[in-house]
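Visitor: I have a structure I would like to understand better, so I am pasting it below and will then ask my questions one at a time.
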Amino acid sequence: MPSAETARWRERLAAKGWLAQGAGIQTDGEHRLLPLNDVAPGSEEPMFEGHTIVERTALERGPQRWTQRLQPSLLAAIEAHLPTAHEVQGDVLLVKLEPEVEAHATPIAEAMLAQFPHVRVVCVDRGVTGPFRIRDLQVLAARDGDESTVTTVKEHGLTYTLDPSKAYFSARLSGERAAAMDLMREHSDRLQRRLIVHDPYAGVGPNLGLPLHHGVVAKAVVGDLNGEAIPFLEANLGHIIARSAHPQAHLEVRMGDGRAWRNEEALKGKADVLFVNLPHEGLEHMDDLMPLLAGDALVIGWAVIGRDDEASIAHQITSSFAVAGRISSVDVQATKGFSTTRTMVRLVVRATTGS
Ligand SMILES: C[S@@+](CC[C@H](N)C(=O)[O-])C[C@H]1O[C@@H](n2cnc3c(N)ncnc32)[C@H](O)[C@@H]1O
């Protein structure tokens with residue numbers, strides 16, 4: 001095809017599963033040759049729009065791993081300390097580096113950028129810091145000089161625009177979001193109506209994407225203490241609602257401390273579902289949040305606790321709900337390994353006033 005159409009055709013062929021992996025695109029005068037695999041149809045296929053299929057020897061395969069793109073002498077010197085994992089959010093790659101390889105961060109980032117065509121920016125991730133749980137990021141390499149860390153992430157078919165250097169997001173919790181969706185659908189079925197949901201620690205909004213999309217929510221009150229998260233939160237959930245099964249869903253976005261919501265009469269006693277997504281201190285916020293709950297409410301939270309503390313945490317939560325005059329059933333489930341001594345749990349509390 002004409003070289004100007006290469007990107008469009010590469011996307012179309014990849015979407016059909018007809019693009020040969022690792023064979024490379026070849027030049028033929030003003031034209032480009034895109035490599036087809038064995039399952040691709042012949043040139044009679046209407047989608048090829050009359051383009052011809054020609055036989056060529058495949059270009060040599062590129063390196064299989066990004067490490068093979070490092071200078072052999074550098075690779076030999078630092079191989080034992082090279083990162084074995086990284087996280088990709090949209091087109092931003094985040095990688096943690098051991099101190100032994102920090103001095104070689106640039107060639108490492110350039111090798112990764114060359115290896116992963118969908119990545120635009122490679123950042124070193126020096127960990128999550130401060131109350132907003134934001135990653136300490138530094139851009140190491142960028143394609144075409146575009147160093148912006150604003151990106152768009154797809155999760156469960158929904159898109160979230162975010163900036164990992166400004167507001168918390170973790171792709172690893174997508175399974176938790178799907179689990180929360182199931183719990184909310186059950187609660188909505190039981191109450192036989194759409195839900196009022198409060199998410200005071202909402203970040204850029206991923207807890208409520210699926211429930212809003214599926215029309216389970218009548219009203220979502222969401223917020224965050226981090227002012228930089230707010231524009232992303234508002235835009236992400238606003239877009240999802242507009243294309244959802246219930247575009248009339250009401251969205252209220254507020255910036256500030258979630259514990260202050262109890263001081264607002266309009267919010268008290270309203271939440272059919274309350275998210276407590278503050279894993280390192282959320283349990284301490286629970287008493288302040290309790291006045292927000294409706295008479296028959298579901299609390300979905302996450303907490304990082306000691307490995308053997310599941311039963312005592314369940315007991316502690318039941319007691320604090322009882323003090324507030326609520327009957328509760330508490331389910332504490334480990335979600336993933338955190339460290340040898342700490343674990344992340346999902347807490348599901350069904351709380352009623354018993355009346
Ligand atoms: C672990 S993140 C969860 C974010 C989001 N729910 C998600 O799953 O991506 C916790 C969020 O709570 C916010 N936060 C921390 N302390 C807060 C407070 N006292 N009130 C409201 N938000 C707070 C942080 O800025 C952060 O965005």
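Going by the structure tokens order, chains are called A, B, ..., each with residues numbered from 1, while ligands are numbered from 1 in the order shown.
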Report as JSON lines: every residue of stretch 183-288 of chain A with an atom at most 10 Å from stretch 146-160 of chain A, its closest pair of atoms, and their distance in Å to one decimal, counting only C-alpha atoms, with rows sorted by chain and ascending residue number.
Guide:
```
{"residue": "A:Val204", "atom": "CA", "partner": "A:Tyr160", "partner_atom": "CA", "distance": 7.5}
{"residue": "A:Gly205", "atom": "CA", "partner": "A:Tyr160", "partner_atom": "CA", "distance": 8.0}
{"residue": "A:Pro206", "atom": "CA", "partner": "A:Tyr160", "partner_atom": "CA", "distance": 7.6}
{"residue": "A:Gly209", "atom": "CA", "partner": "A:Leu158", "partner_atom": "CA", "distance": 7.2}
{"residue": "A:Leu210", "atom": "CA", "partner": "A:His156", "partner_atom": "CA", "distance": 7.6}
{"residue": "A:His213", "atom": "CA", "partner": "A:Leu158", "partner_atom": "CA", "distance": 8.4}
{"residue": "A:Phe232", "atom": "CA", "partner": "A:Tyr160", "partner_atom": "CA", "distance": 7.9}
{"residue": "A:Leu233", "atom": "CA", "partner": "A:Tyr160", "partner_atom": "CA", "distance": 8.6}
{"residue": "A:Ala235", "atom": "CA", "partner": "A:Tyr160", "partner_atom": "CA", "distance": 8.6}
{"residue": "A:Asn236", "atom": "CA", "partner": "A:Tyr160", "partner_atom": "CA", "distance": 5.5}
{"residue": "A:Leu237", "atom": "CA", "partner": "A:Tyr160", "partner_atom": "CA", "distance": 8.4}
{"residue": "A:His239", "atom": "CA", "partner": "A:Thr159", "partner_atom": "CA", "distance": 8.8}
{"residue": "A:Ile240", "atom": "CA", "partner": "A:Leu158", "partner_atom": "CA", "distance": 7.4}
```
Visitor: Run DSSP on the backbone and tell me which residues of stretch 70-181 of chain A come out as strand (DSSP E); list them as a VMD selection string.
Guide: chain A and resid 87 to 89 92 to 95 121 to 129 134 to 142 151 to 155 158 to 162
Visitor: Taking only C-alpha atoms and all ligand atoms into account, which residues have an atom no farther than 9 Å from ligand 1? I'd like them as JSON, numbers by chain.
Guide: {"A": [130, 131, 132, 133, 134, 167, 168, 169, 170, 171, 173, 174, 176, 177, 199, 200, 201, 202, 203, 204, 205, 206, 207, 208, 223, 224, 225, 226, 227, 228, 229, 255, 256, 257, 258, 259, 260, 275, 276, 277, 278, 279, 280, 281, 282, 285, 302]}
Visitor: Create the file for the chosen residues now, containing C-alpha atoms and written as a PDB file, in the first residue's frame.
Guide:
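File written: selection_11.pdb
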```
ATOM      1  CA  GLY A 130       2.511  10.826  50.487  1.00  0.00           C
ATOM      2  CA  PRO A 131      -1.184  10.843  51.396  1.00  0.00           C
ATOM      3  CA  PHE A 132      -2.281  10.969  47.749  1.00  0.00           C
ATOM      4  CA  ARG A 133      -0.412   7.692  47.042  1.00  0.00           C
ATOM      5  CA  ILE A 134       1.205   9.244  43.965  1.00  0.00           C
ATOM      6  CA  ALA A 167      -3.095  10.927  40.803  1.00  0.00           C
ATOM      7  CA  TYR A 168      -3.211   7.336  42.023  1.00  0.00           C
ATOM      8  CA  PHE A 169      -4.160   4.524  39.661  1.00  0.00           C
ATOM      9  CA  SER A 170      -3.236   0.848  39.591  1.00  0.00           C
ATOM     10  CA  ALA A 171      -4.143  -1.468  36.740  1.00  0.00           C
ATOM     11  CA  LEU A 173      -6.834  -3.795  40.859  1.00  0.00           C
ATOM     12  CA  SER A 174      -9.041  -4.319  37.794  1.00  0.00           C
ATOM     13  CA  GLU A 176     -11.312  -6.014  42.334  1.00  0.00           C
ATOM     14  CA  ARG A 177     -13.357  -3.551  40.300  1.00  0.00           C
ATOM     15  CA  ASP A 199     -16.846   6.924  46.844  1.00  0.00           C
ATOM     16  CA  PRO A 200     -14.911   9.486  48.944  1.00  0.00           C
ATOM     17  CA  TYR A 201     -11.448   8.125  47.956  1.00  0.00           C
ATOM     18  CA  ALA A 202     -12.214   7.823  44.256  1.00  0.00           C
ATOM     19  CA  GLY A 203      -8.901   8.809  42.615  1.00  0.00           C
ATOM     20  CA  VAL A 204      -9.584   8.994  38.866  1.00  0.00           C
ATOM     21  CA  GLY A 205     -12.803   6.986  39.260  1.00  0.00           C
ATOM     22  CA  PRO A 206     -12.225   3.305  38.395  1.00  0.00           C
ATOM     23  CA  ASN A 207     -14.481   1.848  41.144  1.00  0.00           C
ATOM     24  CA  LEU A 208     -17.573   3.374  39.599  1.00  0.00           C
ATOM     25  CA  GLY A 223     -14.356  12.780  45.701  1.00  0.00           C
ATOM     26  CA  ASP A 224     -10.703  12.889  46.556  1.00  0.00           C
ATOM     27  CA  LEU A 225      -8.397  14.946  48.748  1.00  0.00           C
ATOM     28  CA  ASN A 226      -5.992  15.272  45.820  1.00  0.00           C
ATOM     29  CA  GLY A 227      -7.119  18.247  43.720  1.00  0.00           C
ATOM     30  CA  GLU A 228      -5.105  16.951  40.742  1.00  0.00           C
ATOM     31  CA  ALA A 229      -7.312  13.829  40.596  1.00  0.00           C
ATOM     32  CA  MET A 255     -12.658  17.772  46.554  1.00  0.00           C
ATOM     33  CA  GLY A 256     -11.589  17.327  50.163  1.00  0.00           C
ATOM     34  CA  ASP A 257     -11.301  14.975  53.113  1.00  0.00           C
ATOM     35  CA  GLY A 258     -13.791  12.097  52.937  1.00  0.00           C
ATOM     36  CA  ARG A 259     -14.251  12.233  56.706  1.00  0.00           C
ATOM     37  CA  ALA A 260     -15.880  15.669  56.353  1.00  0.00           C
ATOM     38  CA  PHE A 275     -16.478   2.561  48.979  1.00  0.00           C
ATOM     39  CA  VAL A 276     -13.597   2.848  51.445  1.00  0.00           C
ATOM     40  CA  ASN A 277     -10.583   2.619  49.191  1.00  0.00           C
ATOM     41  CA  LEU A 278      -7.780   3.816  51.417  1.00  0.00           C
ATOM     42  CA  PRO A 279      -5.900   0.609  52.164  1.00  0.00           C
ATOM     43  CA  HIS A 280      -3.392   2.004  54.661  1.00  0.00           C
ATOM     44  CA  GLU A 281      -5.727   3.982  56.937  1.00  0.00           C
ATOM     45  CA  GLY A 282      -9.291   3.367  55.773  1.00  0.00           C
ATOM     46  CA  HIS A 285     -11.884   6.380  58.843  1.00  0.00           C
ATOM     47  CA  TRP A 302      -9.729  -2.586  50.913  1.00  0.00           C
TER      48      TRP A 302
END
```
Visitor: Of the candidates A:Arg120, A:Lys96, A:Arg350, A:His104, which one gets nearest to A:Thr84 if we count only C-alpha atoms?
Guide: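 Closest residue, counting only C-alpha atoms: A:Lys96.
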Visitor: Using DSSP on the backbone coordinates, identify the residues of stretch 70-249 of chain A assigned to alpha helix (DSSP H); present them as a VMD selection string.
Guide: chain A and resid 72 to 78 105 to 115 174 to 191 206 to 213 230 to 242
